[in-house]
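**Q** Pasting data01.tsv below, which is TSV, C-alpha atoms.
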chain	number	residue	atom	x	y	z
C	1	ARG	CA	5.83	-22.10	48.87
C	2	LYS	CA	6.81	-22.52	45.22
C	3	GLU	CA	8.27	-19.49	43.48
C	4	VAL	CA	5.65	-19.61	40.73
C	5	GLU	CA	2.31	-21.38	41.10
C	6	GLN	CA	-0.28	-22.09	38.45
C	7	ASP	CA	-3.45	-24.12	38.22
C	8	PRO	CA	-2.36	-27.05	36.01
C	9	GLY	CA	-5.83	-27.52	34.55
C	10	PRO	CA	-6.62	-28.92	32.09
C	11	PHE	CA	-8.99	-26.27	30.85
C	12	ASN	CA	-11.29	-27.76	28.23
C	13	VAL	CA	-13.22	-25.08	26.32
C	14	PRO	CA	-15.14	-24.86	23.04
C	15	GLU	CA	-14.00	-22.71	20.16
C	16	GLY	CA	-14.92	-19.09	20.67
C	17	ALA	CA	-14.84	-19.26	24.46
C	18	THR	CA	-12.98	-16.85	26.70
C	19	VAL	CA	-10.60	-18.45	29.17
C	20	ALA	CA	-8.42	-16.99	31.91
C	21	PHE	CA	-5.32	-18.37	33.57
C	22	ASN	CA	-3.94	-17.20	36.87
C	23	CYS	CA	-0.51	-17.34	38.39
C	24	THR	CA	1.00	-16.25	41.70
C	25	TYR	CA	4.64	-15.66	42.52
C	26	SER	CA	6.41	-15.55	45.86
C	27	ASN	CA	9.40	-13.24	45.33
C	28	SER	CA	8.29	-9.64	45.73
C	29	ALA	CA	11.59	-8.48	44.22
C	30	SER	CA	10.71	-9.98	40.84
C	31	GLN	CA	10.59	-7.36	38.12
C	32	SER	CA	9.98	-9.20	34.86
C	33	PHE	CA	7.01	-11.34	34.00
C	34	PHE	CA	6.16	-13.38	30.94
C	35	TRP	CA	3.79	-15.93	29.50
C	36	TYR	CA	5.39	-18.64	27.41
C	37	ARG	CA	3.51	-21.14	25.28
C	38	GLN	CA	4.61	-24.75	24.91
C	39	ASP	CA	3.06	-27.08	22.37
C	40	CYS	CA	3.12	-30.81	23.00
C	41	ARG	CA	6.66	-32.18	22.71
C	42	LYS	CA	7.98	-28.80	21.59
C	43	GLU	CA	10.12	-26.14	23.19
C	44	PRO	CA	8.64	-23.15	25.06
C	45	LYS	CA	8.20	-19.95	23.07
C	46	LEU	CA	7.56	-16.45	24.35
C	47	LEU	CA	3.89	-15.53	24.03
C	48	MET	CA	4.03	-12.11	25.63
C	49	SER	CA	5.69	-10.05	28.30
C	50	VAL	CA	3.53	-8.75	31.13
C	51	TYR	CA	3.74	-5.07	31.99
C	52	SER	CA	2.48	-3.28	35.07
C	53	SER	CA	-0.08	-1.36	33.08
C	54	GLY	CA	-1.43	-4.50	31.49
C	55	ASN	CA	-0.98	-5.27	27.84
C	56	GLU	CA	-2.89	-6.75	24.96
C	57	ASP	CA	-1.79	-8.60	21.85
C	58	GLY	CA	-4.71	-9.45	19.63
C	59	ARG	CA	-6.91	-11.93	21.48
C	60	PHE	CA	-4.49	-12.17	24.39
C	61	THR	CA	-4.49	-9.84	27.41
C	62	ALA	CA	-1.99	-10.04	30.26
C	63	GLN	CA	-2.39	-8.35	33.63
C	64	LEU	CA	-0.03	-7.91	36.57
C	65	ASN	CA	-0.98	-7.09	40.15
C	66	ARG	CA	2.23	-6.43	42.06
C	67	ALA	CA	0.50	-5.89	45.39
C	68	SER	CA	-1.08	-9.34	45.23
C	69	GLN	CA	1.86	-10.87	43.33
C	70	TYR	CA	-0.57	-12.16	40.78
C	71	ILE	CA	-0.38	-12.49	36.99
C	72	SER	CA	-3.17	-13.37	34.60
C	73	LEU	CA	-3.63	-14.26	30.95
C	74	LEU	CA	-6.96	-13.88	29.19
C	75	ILE	CA	-7.63	-15.49	25.84
C	76	ARG	CA	-10.69	-14.34	23.95
C	77	ASP	CA	-12.40	-16.11	21.05
C	78	SER	CA	-10.38	-19.30	21.57
C	79	LYS	CA	-9.12	-21.11	18.48
C	80	LEU	CA	-8.25	-24.78	18.07
C	81	SER	CA	-4.67	-23.65	17.55
C	82	ASP	CA	-4.59	-22.15	21.06
C	83	SER	CA	-4.45	-25.67	22.50
C	84	ALA	CA	-1.14	-25.80	24.35
C	85	THR	CA	0.42	-25.45	27.78
C	86	TYR	CA	0.82	-21.89	29.02
C	87	LEU	CA	3.77	-21.27	31.31
C	88	CYS	CA	3.86	-18.38	33.76
C	89	VAL	CA	7.41	-17.08	34.07
C	90	VAL	CA	8.98	-14.74	36.59
C	91	ASN	CA	12.53	-13.50	36.85
C	92	ARG	CA	14.89	-14.07	39.76
C	93	LEU	CA	17.84	-11.77	40.22
C	94	ASN	CA	21.25	-13.40	40.09
C	95	GLN	CA	24.86	-12.46	39.53
C	96	ALA	CA	24.41	-12.01	35.79
C	97	GLY	CA	21.26	-9.98	36.12
C	98	THR	CA	18.37	-12.31	35.99
C	99	ALA	CA	17.24	-15.90	35.52
C	100	LEU	CA	13.76	-17.12	34.66
C	101	ILE	CA	11.64	-19.27	36.94
C	102	PHE	CA	8.88	-21.22	35.22
C	103	GLY	CA	5.60	-22.40	36.66
C	104	LYS	CA	4.39	-25.92	35.94
C	105	GLY	CA	2.10	-24.66	33.23
C	106	THR	CA	-1.64	-24.63	32.59
C	107	THR	CA	-2.93	-26.92	29.87
C	108	LEU	CA	-5.60	-25.61	27.51
C	109	SER	CA	-7.58	-27.80	25.16
C	110	VAL	CA	-9.89	-26.06	22.70
C	111	SER	CA	-12.42	-28.26	20.94
C	112	SER	CA	-14.71	-27.71	17.96
A	1	GLU	CA	18.45	-16.39	11.64
A	2	ALA	CA	19.40	-19.86	12.82
A	3	GLY	CA	17.88	-20.92	16.11
A	4	VAL	CA	19.36	-22.74	19.07
A	5	ALA	CA	20.69	-26.13	17.99
A	6	GLN	CA	20.82	-29.18	20.24
A	7	SER	CA	21.95	-32.74	19.79
A	8	PRO	CA	21.15	-35.50	20.12
A	9	ARG	CA	17.38	-35.15	19.99
A	10	TYR	CA	16.78	-38.43	21.77
A	11	LYS	CA	18.91	-40.60	24.00
A	12	ILE	CA	18.20	-43.83	25.86
A	13	ILE	CA	20.72	-45.06	28.40
A	14	GLU	CA	20.82	-47.42	31.34
A	15	LYS	CA	21.19	-46.12	34.87
A	16	ARG	CA	24.75	-45.53	35.98
A	17	GLN	CA	25.83	-44.81	32.41
A	18	SER	CA	27.12	-41.43	31.28
A	19	VAL	CA	25.60	-39.09	28.70
A	20	ALA	CA	26.46	-35.74	27.18
A	21	PHE	CA	24.32	-33.15	25.44
A	22	TRP	CA	25.48	-30.42	23.12
A	23	CYS	CA	24.09	-26.95	22.49
A	24	ASN	CA	24.94	-24.24	19.99
A	25	PRO	CA	23.21	-20.94	20.86
A	26	ILE	CA	22.07	-18.22	18.52
A	27	SER	CA	25.04	-16.34	17.15
A	28	GLY	CA	25.95	-13.37	19.32
A	29	HIS	CA	23.93	-14.46	22.34
A	30	ALA	CA	26.13	-14.06	25.39
A	31	THR	CA	23.89	-15.85	27.85
A	32	LEU	CA	23.24	-19.58	27.68
A	33	TYR	CA	20.97	-21.65	29.90
A	34	TRP	CA	20.40	-25.34	30.49
A	35	TYR	CA	17.02	-26.41	31.79
A	36	GLN	CA	15.60	-29.75	32.88
A	37	GLN	CA	11.93	-30.35	32.14
A	38	ILE	CA	10.38	-33.40	33.75
A	39	LEU	CA	7.07	-34.56	32.31
A	40	GLY	CA	4.23	-32.43	33.66
A	41	GLN	CA	6.54	-29.79	35.08
A	42	GLY	CA	7.82	-26.46	33.89
A	43	PRO	CA	11.46	-26.09	32.87
A	44	LYS	CA	13.85	-25.89	35.83
A	45	LEU	CA	17.04	-23.90	35.43
A	46	LEU	CA	20.13	-26.05	35.95
A	47	ILE	CA	22.89	-23.64	34.99
A	48	GLN	CA	23.34	-20.21	33.43
A	49	PHE	CA	26.45	-19.01	31.61
A	50	GLN	CA	27.40	-15.46	30.80
A	51	ASN	CA	29.95	-15.85	27.99
A	52	ASN	CA	32.11	-18.70	29.32
A	53	GLY	CA	31.57	-18.01	33.02
A	54	VAL	CA	29.00	-19.66	35.29
A	55	VAL	CA	26.69	-17.15	36.97
A	56	ASP	CA	24.04	-19.44	38.44
A	57	ASP	CA	24.38	-23.16	39.09
A	58	SER	CA	22.47	-23.26	42.35
A	59	GLN	CA	20.12	-26.00	41.16
A	60	LEU	CA	22.67	-28.16	39.36
A	61	PRO	CA	23.22	-31.53	41.10
A	62	LYS	CA	26.95	-31.14	41.07
A	63	ASP	CA	27.69	-34.66	42.27
A	64	ARG	CA	26.56	-36.00	38.90
A	65	PHE	CA	25.94	-33.09	36.54
A	66	SER	CA	28.57	-30.89	34.95
A	67	ALA	CA	28.49	-28.29	32.24
A	68	GLU	CA	30.98	-26.18	30.38
A	69	ARG	CA	30.95	-23.46	27.79
A	70	LEU	CA	34.42	-23.22	26.40
A	71	LYS	CA	35.16	-20.15	24.26
A	72	GLY	CA	31.81	-18.68	25.22
A	73	VAL	CA	29.85	-20.27	22.37
A	74	ASP	CA	28.91	-23.98	22.37
A	75	SER	CA	28.08	-25.76	25.58
A	76	THR	CA	27.93	-29.33	26.79
A	77	LEU	CA	25.98	-30.77	29.69
A	78	LYS	CA	27.08	-34.11	31.11
A	79	ILE	CA	25.45	-36.53	33.50
A	80	GLN	CA	27.66	-39.14	35.15
A	81	PRO	CA	26.33	-41.49	36.42
A	82	ALA	CA	22.70	-41.21	35.34
A	83	LYS	CA	19.80	-42.08	37.62
A	84	LEU	CA	16.24	-43.05	36.71
A	85	GLU	CA	14.98	-39.67	37.93
A	86	ASP	CA	17.15	-37.90	35.36
A	87	SER	CA	14.69	-38.96	32.65
A	88	ALA	CA	13.53	-35.63	31.26
A	89	VAL	CA	13.86	-33.21	28.38
A	90	TYR	CA	17.01	-31.11	28.58
A	91	LEU	CA	16.46	-27.72	27.03
A	92	CYS	CA	19.11	-25.25	26.05
A	93	ALA	CA	18.22	-21.59	25.67
A	94	SER	CA	20.09	-18.42	24.85
A	95	SER	CA	19.44	-14.72	25.14
A	96	LEU	CA	21.10	-11.57	23.95
A	97	PHE	CA	21.09	-9.84	27.30
A	98	PRO	CA	20.42	-11.29	30.75
A	99	GLN	CA	19.28	-8.04	32.23
A	100	GLY	CA	16.32	-5.86	31.62
A	101	THR	CA	12.64	-6.41	31.46
A	102	ARG	CA	12.15	-7.14	27.81
A	103	TYR	CA	14.79	-9.68	26.87
A	104	GLU	CA	13.65	-12.99	25.45
A	105	GLN	CA	15.07	-16.46	25.84
A	106	TYR	CA	15.09	-18.63	22.73
A	107	PHE	CA	14.89	-22.35	23.31
A	108	GLY	CA	16.32	-25.22	21.34
A	109	PRO	CA	14.23	-28.31	20.50
A	110	GLY	CA	15.59	-30.18	23.51
A	111	THR	CA	17.11	-33.59	24.11
A	112	ARG	CA	14.71	-36.22	25.41
A	113	LEU	CA	16.61	-38.49	27.81
A	114	THR	CA	15.24	-41.81	28.97
A	115	VAL	CA	17.13	-43.64	31.70
A	116	THR	CA	16.18	-47.31	32.09
Could you render the structure as structure tokens?
**A**
Amino acid sequence: RKEVEQDPGPFNVPEGATVAFNCTYSNSASQSFFWYRQDCRKEPKLLMSVYSSGNEDGRFTAQLNRASQYISLLIRDSKLSDSATYLCVVNRLNQAGTALIFGKGTTLSVSS
Amino acid sequence: EAGVAQSPRYKIIEKRQSVAFWCNPISGHATLYWYQQILGQGPKLLIQFQNNGVVDDSQLPKDRFSAERLKGVDSTLKIQPAKLEDSAVYLCASSLFPQGTRYEQYFGPGTRLTVT
């Protein structure tokens, strides 16, 4: 089983739609969770951290279910500029503290 | 604040040749990472440095890949000899702290390697 699994998509939605991405992770000892965004041929950038209580940043809402080892990202009122690949990221403990394990990413295409 | 710098941005080599990539992290960032991102995949950690020491190289193909971070600042990643399956984007990232739940990794623009 892969450490981090995501539905690769692509998700094709119209502007204004609400879309949700899901992610599962295999290491129950993981403590830190993130969503990164990667535009085509660009580097990944942190979109938001995911906290146990759930957190919201504008149109973006992230949820964590530790019991099910499941992470989600909800995007409301999709914009054309939201088109990108969304990477689910989980930490793995190592000698230095932690390393990040990335999922394959879910591709979102928002059309007008 | 300057971001993570990488060079070259693009490199095309033939299989069995050698290649080296360079990374300069954000000033003051103690932790430096090298990732390999194959088309359609997420980034895969190759090696993690804390200052100039290696703390995780479990996924580095050590028979052909090597990396160093002399003086705890710049880093180089070398592939010798290259194989066709090494074609990928090599991303360097740095972070201020490796621990904790709220640290962020900052990525450089990457080096796109094509092995023919």
**Q** Could you check the closest approach to chain C for each of A:Glu14, A:Asp63, A:Asp56, A:Asp86 and tell me which residue wins, using all atoms listed in the file?
**A**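 Result for the nearest residue to chain C: A:Asp56.
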**Q** Compile a residue-level contact table for chain C against chain A at a cut-off of 10 Å, reporting for every qualifying residue the shortest atom pair and its distance in Å to one decimal, with all atoms listed in the file counted, rows ordered by chain and ascending number, as a Markdown table.
**A**
| residue | atom | partner | partner_atom | distance |
| --- | --- | --- | --- | --- |
| C:Val4 | CA | A:Gly42 | CA | 9.9 |
| C:Pro8 | CA | A:Gly40 | CA | 8.8 |
| C:Gln31 | CA | A:Thr101 | CA | 7.0 |
| C:Ser32 | CA | A:Thr101 | CA | 5.1 |
| C:Phe33 | CA | A:Thr101 | CA | 7.9 |
| C:Phe34 | CA | A:Arg102 | CA | 9.2 |
| C:Gln38 | CA | A:Gly42 | CA | 9.7 |
| C:Arg41 | CA | A:Pro109 | CA | 8.8 |
| C:Lys42 | CA | A:Pro109 | CA | 6.4 |
| C:Glu43 | CA | A:Pro109 | CA | 5.4 |
| C:Pro44 | CA | A:Phe107 | CA | 6.5 |
| C:Lys45 | CA | A:Tyr106 | CA | 7.0 |
| C:Leu46 | CA | A:Glu104 | CA | 7.1 |
| C:Met48 | CA | A:Glu104 | CA | 9.7 |
| C:Ser49 | CA | A:Arg102 | CA | 7.1 |
| C:Val50 | CA | A:Arg102 | CA | 9.4 |
| C:Tyr51 | CA | A:Thr101 | CA | 9.0 |
| C:Thr85 | CA | A:Gly42 | CA | 9.6 |
| C:Tyr86 | CA | A:Gly42 | CA | 9.7 |
| C:Leu87 | CA | A:Gly42 | CA | 7.1 |
| C:Cys88 | CA | A:Gly42 | CA | 9.0 |
| C:Val89 | CA | A:Gly42 | CA | 9.4 |
| C:Asn91 | CA | A:Thr101 | CA | 8.9 |
| C:Leu93 | CA | A:Gln99 | CA | 8.9 |
| C:Asn94 | CA | A:Asp56 | CA | 6.9 |
| C:Gln95 | CA | A:Val55 | CA | 5.6 |
| C:Ala96 | CA | A:Val55 | CA | 5.7 |
| C:Gly97 | CA | A:Gln99 | CA | 4.8 |
| C:Thr98 | CA | A:Pro98 | CA | 5.7 |
| C:Ala99 | CA | A:Pro98 | CA | 7.4 |
| C:Leu100 | CA | A:Leu45 | CA | 7.6 |
| C:Ile101 | CA | A:Lys44 | CA | 7.1 |
| C:Phe102 | CA | A:Gly42 | CA | 5.5 |
| C:Gly103 | CA | A:Gly42 | CA | 5.4 |
| C:Lys104 | CA | A:Gly42 | CA | 4.0 |
| C:Gly105 | CA | A:Gly42 | CA | 6.0 |
| C:Thr106 | CA | A:Gly42 | CA | 9.7 |
| C:Thr107 | CA | A:Gly40 | CA | 9.8 |
**Q** Write a file of the selected residues as a PDB file, in the coordinates of the input, keeping C-alpha atoms.
**A**
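Once everything was written out, this is out_31.pdb:
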ATOM      1  CA  VAL C   4       5.650 -19.610  40.730  1.00  0.00           C
ATOM      2  CA  PRO C   8      -2.360 -27.050  36.010  1.00  0.00           C
ATOM      3  CA  GLN C  31      10.590  -7.360  38.120  1.00  0.00           C
ATOM      4  CA  SER C  32       9.980  -9.200  34.860  1.00  0.00           C
ATOM      5  CA  PHE C  33       7.010 -11.340  34.000  1.00  0.00           C
ATOM      6  CA  PHE C  34       6.160 -13.380  30.940  1.00  0.00           C
ATOM      7  CA  GLN C  38       4.610 -24.750  24.910  1.00  0.00           C
ATOM      8  CA  ARG C  41       6.660 -32.180  22.710  1.00  0.00           C
ATOM      9  CA  LYS C  42       7.980 -28.800  21.590  1.00  0.00           C
ATOM     10  CA  GLU C  43      10.120 -26.140  23.190  1.00  0.00           C
ATOM     11  CA  PRO C  44       8.640 -23.150  25.060  1.00  0.00           C
ATOM     12  CA  LYS C  45       8.200 -19.950  23.070  1.00  0.00           C
ATOM     13  CA  LEU C  46       7.560 -16.450  24.350  1.00  0.00           C
ATOM     14  CA  MET C  48       4.030 -12.110  25.630  1.00  0.00           C
ATOM     15  CA  SER C  49       5.690 -10.050  28.300  1.00  0.00           C
ATOM     16  CA  VAL C  50       3.530  -8.750  31.130  1.00  0.00           C
ATOM     17  CA  TYR C  51       3.740  -5.070  31.990  1.00  0.00           C
ATOM     18  CA  THR C  85       0.420 -25.450  27.780  1.00  0.00           C
ATOM     19  CA  TYR C  86       0.820 -21.890  29.020  1.00  0.00           C
ATOM     20  CA  LEU C  87       3.770 -21.270  31.310  1.00  0.00           C
ATOM     21  CA  CYS C  88       3.860 -18.380  33.760  1.00  0.00           C
ATOM     22  CA  VAL C  89       7.410 -17.080  34.070  1.00  0.00           C
ATOM     23  CA  ASN C  91      12.530 -13.500  36.850  1.00  0.00           C
ATOM     24  CA  LEU C  93      17.840 -11.770  40.220  1.00  0.00           C
ATOM     25  CA  ASN C  94      21.250 -13.400  40.090  1.00  0.00           C
ATOM     26  CA  GLN C  95      24.860 -12.460  39.530  1.00  0.00           C
ATOM     27  CA  ALA C  96      24.410 -12.010  35.790  1.00  0.00           C
ATOM     28  CA  GLY C  97      21.260  -9.980  36.120  1.00  0.00           C
ATOM     29  CA  THR C  98      18.370 -12.310  35.990  1.00  0.00           C
ATOM     30  CA  ALA C  99      17.240 -15.900  35.520  1.00  0.00           C
ATOM     31  CA  LEU C 100      13.760 -17.120  34.660  1.00  0.00           C
ATOM     32  CA  ILE C 101      11.640 -19.270  36.940  1.00  0.00           C
ATOM     33  CA  PHE C 102       8.880 -21.220  35.220  1.00  0.00           C
ATOM     34  CA  GLY C 103       5.600 -22.400  36.660  1.00  0.00           C
ATOM     35  CA  LYS C 104       4.390 -25.920  35.940  1.00  0.00           C
ATOM     36  CA  GLY C 105       2.100 -24.660  33.230  1.00  0.00           C
ATOM     37  CA  THR C 106      -1.640 -24.630  32.590  1.00  0.00           C
ATOM     38  CA  THR C 107      -2.930 -26.920  29.870  1.00  0.00           C
TER      39      THR C 107
END
**Q** List the spatial neighbours of Ala82 of chain A as a VMD selection string - criterion: any atom at most 9 Å away, only C-alpha atoms, same-chain residues fewer than 6 positions off excluded.
**A** chain A and resid 13 to 19 64 to 65 115
**Q** Work out how far atom CA of Pro25 of chain A is from atom CA of Ser94 of chain A, in Å to one decimal.
**A**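 Those two atoms sit 5.7 Å apart.
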**Q** If you measure from atom CA of Leu96 of chain A to atom CA of Asp82 of chain C, what distance in Å do you get, rounded to one decimal?
**A**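 So the two atoms, atom CA of Leu96 of chain A and atom CA of Asp82 of chain C, lie 27.9 Å apart.
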**Q** At what distance in Å, to one decimal, does atom CA of Lys71 of chain A lie from atom CA of Ser27 of chain A?
**A**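 So the answer is 12.9 Å.
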**Q** Leaving out Ile71 of chain C and any residue of its chain fewer than 3 positions from it, which residues lie within 8 Å of it when counting all atoms listed in the file, given as a ChimeraX atom specification?
**A** /C:22-24,50,62-65,88
